[in-house]
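**Q** Below you will find the structure I want to go over with you.
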Amino acid sequence: MSGAAPRIQLVRDATFAHLDPDGGITGTRGAVPDGLFVRDARHLSRWLLTVDGAAPAVLSPVDPAGACVLTPEGTRDAPPAYTVFRQQAVAAGEFTDTLRLVSNSADPLVAEVVVAADADFADTFELRADERAYPKPGAERSVRRTGDGVEFGYRRADWHARTTVSASPAPDDVRGTDLVWRLRLEPHGEAELRLTVTAHPHGGPQLAAEPVRGGEHGLRDAPDDLDKACAQGLSDLDLLTIAVPGLDGEPVSVPAAGVPWFLTLFGRDSLLTSYFMLPYRPALAAGTLSALAAVQGREYDAFRGEQPGRIVHETRRGELAHFGQVPYGRYYGTIDATPLFLVLLHAHYEATKDPDLADRLEAHARSAVDWMLGDGGLREHGYLVYEPDPNGLVNQNWKDSAGAICFKDGAQAEGPIAVCEVQGYAYDALRRTARLAAEVWRGPELARELDGLADALRERFARDFWLDEDDFPALALDGAGRRVDALASDAGHLLWSGILDEDRARRVGRRLLEPDFFSGWAIRTLAAGQRPYHPLSYHRGSAWPHDNGVIALGLARHGLRDELRRLASGLVDAAARHGYRLPEVLGGYARAAAARPVPYPHSCSPQAWAAATPWALRTALTTAGR
């Protein structure tokens, strides 16, 4: 990688480019590969600029807007003859690279510009750091020169993808896959070269999403740091919003989870992001609900965890998913997306006072309730439960990393596992769906049944999950019915869902703001001082903004204003020290240990539910009367 600056990501409309500081792409693999990516495929794996036979020097590295400044090599006594002002951008399935060469010379000159291109069409699952190899029998790559550039092709059985590179002006020469120009510059004159890379993914072109922006400029200029964080969050959500098929095949706009790995529809992430934004951008919730209803489970498929009525965890449209080499084409390994679907459906009706979407999705909602009662485990086990998936995720709540659902001694719970926050979601889903049945679907009998189920779940939960010695809820129940006794942030979600009685909820809320939980920036996923705690663990001591956003809404629900203000202040201060963009995850170190939040090394940024968290804080503070 050129220079010392980090790589830059450009993202929009389900398309992202990961670039070196000079705007180049070298085809790296591992945790953060570079390239142009569309639908889980790398459509550009090499993009290297040389001027007059050498890589240019970087005067100003690529910034978040895609601009950089380069020059040919020069010295103090012989400064560069010209300067290259480079501007790069992405849109739906497209990457543009504009080179403006400005002469610094009093004499005419000719600059030789070469762009070396290639496309390996690697699936993102191939590029990850685990270095798994996937066979690709019969795969063929091709290269074809065109009138204004070059075309790369890839074919494997019925899978076909292309990448075209076109240029204006057309190249003077093409050497293999190197595009060559000899640009004449008049004294102190300039010349411009515009290159367009277009991805043609399998299945048709990538569509543009409806924008979610509007009004953020006034917020960005406001003196309040929360306003600035909201403005940045809205801009990031605009970048992460993608177009996917809705219930009737129509394109709908939904928040993708994040880059680099999760630029796709994610059940849990898209639902919670849409919930956070519901008072401000209700169309996101409508799109998310329609898209998830379109891929709701219809049959039993053990490989991908599909069951009738179950809401999907994630969808993928890449080559490996297409050929069944990974289960993620439509993967259903989540225990919480189904109740959250029902929560958001009622919340949308409640916020908009418009029953049309709830009417349209009545059958899907009833099917989701049936899944919770049946395959989800409510009738058999009394709770929503999951077993580790040998093909996919060991844990299927939001803390889905191995070892995240653990006892105080660090031992991983074994299934079937009932995680505490998911029971709260189930309780809320039953209550809210009962309201839809009574008010929209004209089903008073169903409403009474669901309210009765919610009452019984609340009573069971109070009896089975409470740790008397800690005065706190257990993280989970394991397959033997034992309380998984690690003290974890999941308990804060119970305040949001309303499954705890008022007295216990207030005690839990206050406990979460004690120093072993609250770092000064945010509430940790696991309280410090326990054996499994690690401040840089993904789910066992780090702090997640979205987790804190849910907790903030719960604190507001129960009138814990002082605790809410402390939490919101810490999160907003953390955002201010990250350019008002909250990352996906923060290290769990105490605020006293460092002047700014310690970054988690593998955090996605931008990330949708982190981007929406300032808006959840705004809602919580408004609800609580600040």
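By convention in this document, the chains of the structure tokens carry letters A, B, ... by their order, each chain's residues are numbered from 1, and ligands are numbered from 1 in the order they are shown.
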Please list as a ChimeraX atom specification every residue within 9 Å of Val369 (chain A), counting only C-alpha atoms and excluding residues in the same chain fewer than 5 positions away.
**A** /A:309,338-339,342,364,374,429-430,433
**Q** Could you turn the residues from that selection into a file that holds N, CA, C and O atoms, as an mmCIF file, in the first residue's frame?
**A**
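Here's the written file result_27.cif:
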data_model
loop_
_atom_site.group_PDB
_atom_site.id
_atom_site.type_symbol
_atom_site.label_atom_id
_atom_site.label_comp_id
_atom_site.auth_asym_id
_atom_site.auth_seq_id
_atom_site.Cartn_x
_atom_site.Cartn_y
_atom_site.Cartn_z
ATOM 1 N N GLY A 309 -42.295 -19.428 8.237
ATOM 2 C CA GLY A 309 -42.592 -18.289 9.091
ATOM 3 C C GLY A 309 -41.375 -17.591 9.654
ATOM 4 O O GLY A 309 -41.490 -16.472 10.187
ATOM 5 N N THR A 338 -37.363 -12.741 13.896
ATOM 6 C CA THR A 338 -38.808 -12.962 13.752
ATOM 7 C C THR A 338 -39.620 -12.133 14.746
ATOM 8 O O THR A 338 -40.551 -11.430 14.342
ATOM 9 N N PRO A 339 -39.306 -12.162 16.055
ATOM 10 C CA PRO A 339 -40.062 -11.259 16.935
ATOM 11 C C PRO A 339 -39.821 -9.778 16.628
ATOM 12 O O PRO A 339 -40.747 -8.962 16.739
ATOM 13 N N LEU A 342 -42.166 -8.510 14.015
ATOM 14 C CA LEU A 342 -43.499 -8.201 14.537
ATOM 15 C C LEU A 342 -43.496 -6.895 15.329
ATOM 16 O O LEU A 342 -44.438 -6.104 15.247
ATOM 17 N N HIS A 364 -48.201 -12.786 6.813
ATOM 18 C CA HIS A 364 -46.799 -12.957 7.187
ATOM 19 C C HIS A 364 -46.615 -12.810 8.696
ATOM 20 O O HIS A 364 -45.819 -13.537 9.308
ATOM 21 N N GLY A 374 -44.128 -22.490 17.513
ATOM 22 C CA GLY A 374 -43.747 -23.839 17.117
ATOM 23 C C GLY A 374 -42.249 -24.041 17.065
ATOM 24 O O GLY A 374 -41.600 -24.319 18.074
ATOM 25 N N ALA A 429 -43.396 -8.640 21.026
ATOM 26 C CA ALA A 429 -44.022 -9.039 19.760
ATOM 27 C C ALA A 429 -45.435 -9.570 19.986
ATOM 28 O O ALA A 429 -46.364 -9.246 19.222
ATOM 29 N N LEU A 430 -45.630 -10.375 21.032
ATOM 30 C CA LEU A 430 -46.965 -10.898 21.321
ATOM 31 C C LEU A 430 -47.919 -9.777 21.696
ATOM 32 O O LEU A 430 -49.061 -9.725 21.221
ATOM 33 N N THR A 433 -48.576 -7.616 18.485
ATOM 34 C CA THR A 433 -49.384 -8.312 17.485
ATOM 35 C C THR A 433 -50.821 -8.457 17.971
ATOM 36 O O THR A 433 -51.766 -8.449 17.163
#
**Q** Do you know which residues are at most 10 Å from Thr28 (chain A) counting only C-alpha atoms, after dropping those on the same chain fewer than 2 positions away, and could you put them as a list in words?
**A** Met1, Ile25, Thr26, Gly30, Ala31, Val32, Pro33, Asp34, Gly35, Ser45, Arg46 and Leu127 of chain A
**Q** Write out the residues from the selection above, keeping N, CA, C and O atoms, as a PDB file, in the first residue's frame.
**A**
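Dumped to again_23.pdb:
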ATOM      1  N   MET A   1       0.843  -1.182   0.000  1.00  0.00           N
ATOM      2  CA  MET A   1       0.000   0.000   0.000  1.00  0.00           C
ATOM      3  C   MET A   1       0.881   1.236   0.000  1.00  0.00           C
ATOM      4  O   MET A   1       1.816   1.342   0.766  1.00  0.00           O
ATOM      5  N   ILE A  25      -5.785  -0.021  -6.538  1.00  0.00           N
ATOM      6  CA  ILE A  25      -6.277  -1.324  -6.075  1.00  0.00           C
ATOM      7  C   ILE A  25      -5.241  -2.363  -6.466  1.00  0.00           C
ATOM      8  O   ILE A  25      -4.800  -2.401  -7.630  1.00  0.00           O
ATOM      9  N   THR A  26      -4.851  -3.194  -5.500  1.00  0.00           N
ATOM     10  CA  THR A  26      -3.788  -4.185  -5.766  1.00  0.00           C
ATOM     11  C   THR A  26      -4.269  -5.624  -5.691  1.00  0.00           C
ATOM     12  O   THR A  26      -3.495  -6.534  -5.960  1.00  0.00           O
ATOM     13  N   GLY A  30      -7.758 -11.010   2.802  1.00  0.00           N
ATOM     14  CA  GLY A  30      -7.680 -10.895   4.244  1.00  0.00           C
ATOM     15  C   GLY A  30      -8.805 -10.074   4.842  1.00  0.00           C
ATOM     16  O   GLY A  30      -9.893  -9.960   4.265  1.00  0.00           O
ATOM     17  N   ALA A  31      -8.540  -9.499   6.022  1.00  0.00           N
ATOM     18  CA  ALA A  31      -9.594  -8.850   6.798  1.00  0.00           C
ATOM     19  C   ALA A  31     -10.201  -7.657   6.079  1.00  0.00           C
ATOM     20  O   ALA A  31     -11.393  -7.377   6.212  1.00  0.00           O
ATOM     21  N   VAL A  32      -9.392  -6.908   5.320  1.00  0.00           N
ATOM     22  CA  VAL A  32      -9.899  -5.718   4.633  1.00  0.00           C
ATOM     23  C   VAL A  32      -9.354  -5.700   3.202  1.00  0.00           C
ATOM     24  O   VAL A  32      -8.436  -4.952   2.876  1.00  0.00           O
ATOM     25  N   PRO A  33      -9.911  -6.513   2.313  1.00  0.00           N
ATOM     26  CA  PRO A  33      -9.402  -6.547   0.938  1.00  0.00           C
ATOM     27  C   PRO A  33      -9.765  -5.272   0.181  1.00  0.00           C
ATOM     28  O   PRO A  33     -10.740  -4.598   0.499  1.00  0.00           O
ATOM     29  N   ASP A  34      -8.942  -4.948  -0.821  1.00  0.00           N
ATOM     30  CA  ASP A  34      -9.267  -3.797  -1.646  1.00  0.00           C
ATOM     31  C   ASP A  34      -9.981  -4.264  -2.909  1.00  0.00           C
ATOM     32  O   ASP A  34     -10.028  -5.446  -3.227  1.00  0.00           O
ATOM     33  N   GLY A  35     -10.559  -3.303  -3.635  1.00  0.00           N
ATOM     34  CA  GLY A  35     -11.258  -3.647  -4.861  1.00  0.00           C
ATOM     35  C   GLY A  35     -12.557  -2.892  -5.006  1.00  0.00           C
ATOM     36  O   GLY A  35     -12.936  -2.073  -4.171  1.00  0.00           O
ATOM     37  N   SER A  45     -10.083  -5.928  -9.362  1.00  0.00           N
ATOM     38  CA  SER A  45      -9.062  -6.404  -8.424  1.00  0.00           C
ATOM     39  C   SER A  45      -7.696  -5.771  -8.694  1.00  0.00           C
ATOM     40  O   SER A  45      -6.753  -6.003  -7.932  1.00  0.00           O
ATOM     41  N   ARG A  46      -7.595  -4.996  -9.757  1.00  0.00           N
ATOM     42  CA  ARG A  46      -6.351  -4.275 -10.040  1.00  0.00           C
ATOM     43  C   ARG A  46      -6.710  -2.963 -10.710  1.00  0.00           C
ATOM     44  O   ARG A  46      -7.492  -2.919 -11.661  1.00  0.00           O
ATOM     45  N   LEU A 127     -12.283 -14.100   0.218  1.00  0.00           N
ATOM     46  CA  LEU A 127     -11.272 -13.106   0.541  1.00  0.00           C
ATOM     47  C   LEU A 127     -11.061 -12.917   2.037  1.00  0.00           C
ATOM     48  O   LEU A 127     -10.114 -12.270   2.443  1.00  0.00           O
TER      49      LEU A 127
END
**Q** Determine, for each residue of region 10-99 of chain A having at least one atom at most 12 Å from an atom of region 250-257 of chain A, the closest pair of atoms and their separation in Å to one decimal, counting only C-alpha atoms; order by chain and ascending number, as CSV.
**A**
residue,atom,partner,partner_atom,distance
A:Val11,CA,A:Ala256,CA,11.3
A:Arg12,CA,A:Ala256,CA,10.6
A:Asp13,CA,A:Ser253,CA,9.6
A:Ala14,CA,A:Ala256,CA,7.9
A:Thr15,CA,A:Ala256,CA,11.1
A:Arg39,CA,A:Ala256,CA,11.9
**Q** How would you write, as a list in words, the set of residues in region 234-414 of chain A that DSSP gives as strand (DSSP E or B)?
**A** Thr241, Ile242, Ala243, Val244, Pro245, Pro251, Val252, Ser253, Val254, Pro255, Gly258, Phe262, Phe266, Asp301, Glu306, Glu314, Thr315, Arg330, Tyr331, Tyr386, Cys406 and Gln412 of chain A
**Q** Can those selected residues be exported to a file as a PDB file, in the first residue's frame so that it contains C-alpha atoms?
**A**
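Done, and the output landed in selection-v4.pdb:
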ATOM      1  CA  THR A 241     -29.290   2.175   1.844  1.00  0.00           C
ATOM      2  CA  ILE A 242     -29.705  -0.411  -0.907  1.00  0.00           C
ATOM      3  CA  ALA A 243     -32.463  -1.460  -3.283  1.00  0.00           C
ATOM      4  CA  VAL A 244     -33.776  -5.028  -2.923  1.00  0.00           C
ATOM      5  CA  PRO A 245     -36.962  -6.807  -4.082  1.00  0.00           C
ATOM      6  CA  PRO A 251     -37.676  -2.457  -5.578  1.00  0.00           C
ATOM      7  CA  VAL A 252     -37.703  -1.187  -2.003  1.00  0.00           C
ATOM      8  CA  SER A 253     -35.014   0.684  -0.092  1.00  0.00           C
ATOM      9  CA  VAL A 254     -33.580  -0.887   3.060  1.00  0.00           C
ATOM     10  CA  PRO A 255     -30.575  -0.205   5.296  1.00  0.00           C
ATOM     11  CA  GLY A 258     -22.394  -2.234   6.892  1.00  0.00           C
ATOM     12  CA  PHE A 262     -22.318  -6.838   5.231  1.00  0.00           C
ATOM     13  CA  PHE A 266     -29.693  -8.341   7.337  1.00  0.00           C
ATOM     14  CA  ASP A 301     -34.120 -26.581   4.832  1.00  0.00           C
ATOM     15  CA  GLU A 306     -35.119 -22.194   6.918  1.00  0.00           C
ATOM     16  CA  GLU A 314     -29.102 -12.425   5.875  1.00  0.00           C
ATOM     17  CA  THR A 315     -29.331 -12.699   2.115  1.00  0.00           C
ATOM     18  CA  ARG A 330     -30.949 -16.994   2.306  1.00  0.00           C
ATOM     19  CA  TYR A 331     -29.709 -17.896   5.778  1.00  0.00           C
ATOM     20  CA  TYR A 386     -31.749 -22.017  19.397  1.00  0.00           C
ATOM     21  CA  CYS A 406     -21.167 -17.709  28.688  1.00  0.00           C
ATOM     22  CA  GLN A 412     -20.002 -21.363  26.665  1.00  0.00           C
TER      23      GLN A 412
END
**Q** Any idea what's packed within 6 Å of region 75-85 of chain A, counting only C-alpha atoms, ignoring anything in its chain fewer than 5 positions away? Could you give it as JSON, numbers by chain?
**A** {"A": [69, 70, 99, 100, 101, 102, 103, 104, 105]}
**Q** Measuring atom to atom with only C-alpha atoms, identify which of A:Pro171, A:Pro260, A:Pro108, A:Gly246 is nearest to Glu186 (chain A).
**A**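 Using only C-alpha atoms, the shortest distance to Glu186 (chain A) belongs to A:Pro108.
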**Q** Just asking: which residues within region 411-465 of chain A are alpha helix (DSSP H) according to DSSP, as a ChimeraX atom specification?
**A** /A:420-439,444-464
**Q** Using only C-alpha atoms, find the one residue out of A:Pro187, A:Gly403, A:Gly53, A:Gly424 that sits nearest to His534 (chain A).
**A**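 Distance minimum relative to His534 (chain A) lands on A:Gly403.
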**Q** By how many Å are CA of Trp261 (chain A) and CA of Ala616 (chain A) apart?
**A** 24.3 Å
